[in-house]
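Worksheet: the structure to be examined is printed underneath.
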Amino acid sequence: MLLLHARPLVATHAKAPRQIIHAWIDTAFDGHLVMPKVEVARLGLGVLADADAVLADVTTTRLRCYYCVVDWMDQTIPVRVVENNGSLPLIGTGLLSGADLRINYRTGVCTLS
């Protein structure tokens with residue numbers, strides 16, 4: 001398990017209180033965020049649209065997308081959240097764009113700046 005040393009990801013939408021989200025980094029995902037259905041429901045996110053997605057096993061599926069605002073790297077930004085049946089939120093390369101991600105496999109520590 002890798003530890004991420006960065007500011008926490010804080011998610012919200014226009015009428016909800018801010019919530020801290022603990023997420024894994026997924027460099028194979030080119031979107032912003034993936035969240036399990038239970039997290040999407042807990043946050044009360046608004047539906048944007050459905051989108052076709054190609055999964056890691058090269059199958060395609062249709063996934064529901066939501067709107068969310070996050071505090072990320074000293075900015076508050078709107079992001080698209082993809083809902084899935086998984087158990088952990090995932091940060092994709094869309095959110096990592098412009099950041100410096102360093103992974104020390106020896107110590108199991110990630111730094112993000």
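Just remember, in the structure tokens the first chain shown is A, the second B, etc., residues are 1-based per chain, and ligands are 1-based in the order shown.
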(request) Pick out the residues sitting within 9 Å of segment 38-41 of chain A, and hand them over as a ChimeraX atom specification; count only C-alpha atoms, and ignore anything fewer than 4 positions along from it in its own chain. (result) /A:21,45-46,66,81,83,85,87-89
May I have the residues from that selection written out with C-alpha atoms, as a JSON list (two decimals), in the first residue's frame?
[["chain", "number", "residue", "atom", "x", "y", "z"],
["A", 21, "ILE", "CA", -12.27, 11.68, 0.07],
["A", 45, "LEU", "CA", -23.66, 14.47, -6.82],
["A", 46, "GLY", "CA", -25.65, 15.71, -9.81],
["A", 66, "TYR", "CA", -21.51, 13.26, -12.33],
["A", 81, "VAL", "CA", -16.79, 11.89, -11.66],
["A", 83, "GLU", "CA", -19.47, 6.13, -11.10],
["A", 85, "ASN", "CA", -19.17, -0.67, -8.81],
["A", 87, "SER", "CA", -14.97, -0.03, -3.49],
["A", 88, "LEU", "CA", -12.34, 2.74, -3.70],
["A", 89, "PRO", "CA", -12.31, 6.21, -5.26]]
For segment 21-89 of chain A versus segment 98-102 of chain A, which residues have an atom no more than 12 Å away, and what is each residue's nearest atom pair and distance in Å rounded to one decimal, using only C-alpha atoms, chain-then-number order, as CSV?
residue,atom,partner,partner_atom,distance
A:Ile25,CA,A:Leu101,CA,9.8
A:Asp26,CA,A:Leu101,CA,11.7
A:Thr27,CA,A:Leu101,CA,10.3
A:Trp72,CA,A:Ala99,CA,10.4
A:Met73,CA,A:Ala99,CA,8.4
A:Asp74,CA,A:Ala99,CA,11.7
(message) If DSSP is run on the backbone, what residues of chain A are alpha helix (DSSP H)? A reply as a PyMOL selection string would be ideal.
(response) chain A and resi 37-43+93-96
(request) Write out as a count of residues only each polymer residue whose atoms come within 10 Å of Asp50 of chain A, counting only C-alpha atoms; drop sequence neighbours fewer than 4 positions from it. (result) 7
(request) May I have all residues of chain A that DSSP, computed from the backbone, assigns to strand (DSSP E or B), given as a count of residues only? (result) 58
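Nearest residue to Pro78 of chain A, choosing from A:Lys37, A:Ala28, A:Asp57, A:Gly94 and counting only C-alpha atoms: A:Gly94.
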(message) So that I can check the surroundings of Ser97 of chain A, please list as a list in words every protein, DNA and RNA residue that reaches within 12 Å of it, counting only C-alpha atoms and ignoring chain neighbours fewer than 6 positions away.
(response)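 Selected residues are Thr27, Phe29, Asp30, Gly31, His32, Trp72, Met73, Ile91, Leu112 and Ser113 of chain A.
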Atoms kept (C-alpha atoms) for selection, written as a PDB file, in the first residue's frame:
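Contents of again-v1.pdb, freshly written:
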ATOM      1  CA  THR A  27      -2.476   6.231 -13.903  1.00  0.00           C
ATOM      2  CA  PHE A  29      -7.476   6.122 -15.983  1.00  0.00           C
ATOM      3  CA  ASP A  30      -7.375   9.291 -18.086  1.00  0.00           C
ATOM      4  CA  GLY A  31     -10.350  11.032 -16.445  1.00  0.00           C
ATOM      5  CA  HIS A  32     -10.522  13.028 -13.222  1.00  0.00           C
ATOM      6  CA  TRP A  72      -7.051  20.257  -5.309  1.00  0.00           C
ATOM      7  CA  MET A  73      -3.500  21.610  -5.289  1.00  0.00           C
ATOM      8  CA  ILE A  91      -7.722   9.734  -9.036  1.00  0.00           C
ATOM      9  CA  LEU A 112       2.393  14.932  -5.157  1.00  0.00           C
ATOM     10  CA  SER A 113       3.150  18.585  -5.762  1.00  0.00           C
TER      11      SER A 113
END
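Reported to one decimal place, the separation of atom CA of Asn104 of chain A from atom CA of Ala23 of chain A is 18.0 Å.
Minimum atom-to-atom distances from A:Ala56, A:Pro17, A:Leu90, A:Thr107 to Arg42 of chain A were compared using only C-alpha atoms, and the lowest value belongs to A:Pro17.
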(message) I'd like to know which of A:Val58, A:Val47, A:Val34, A:Val70 is closest to Arg18 of chain A, using only C-alpha atoms.
(response) A:Val70
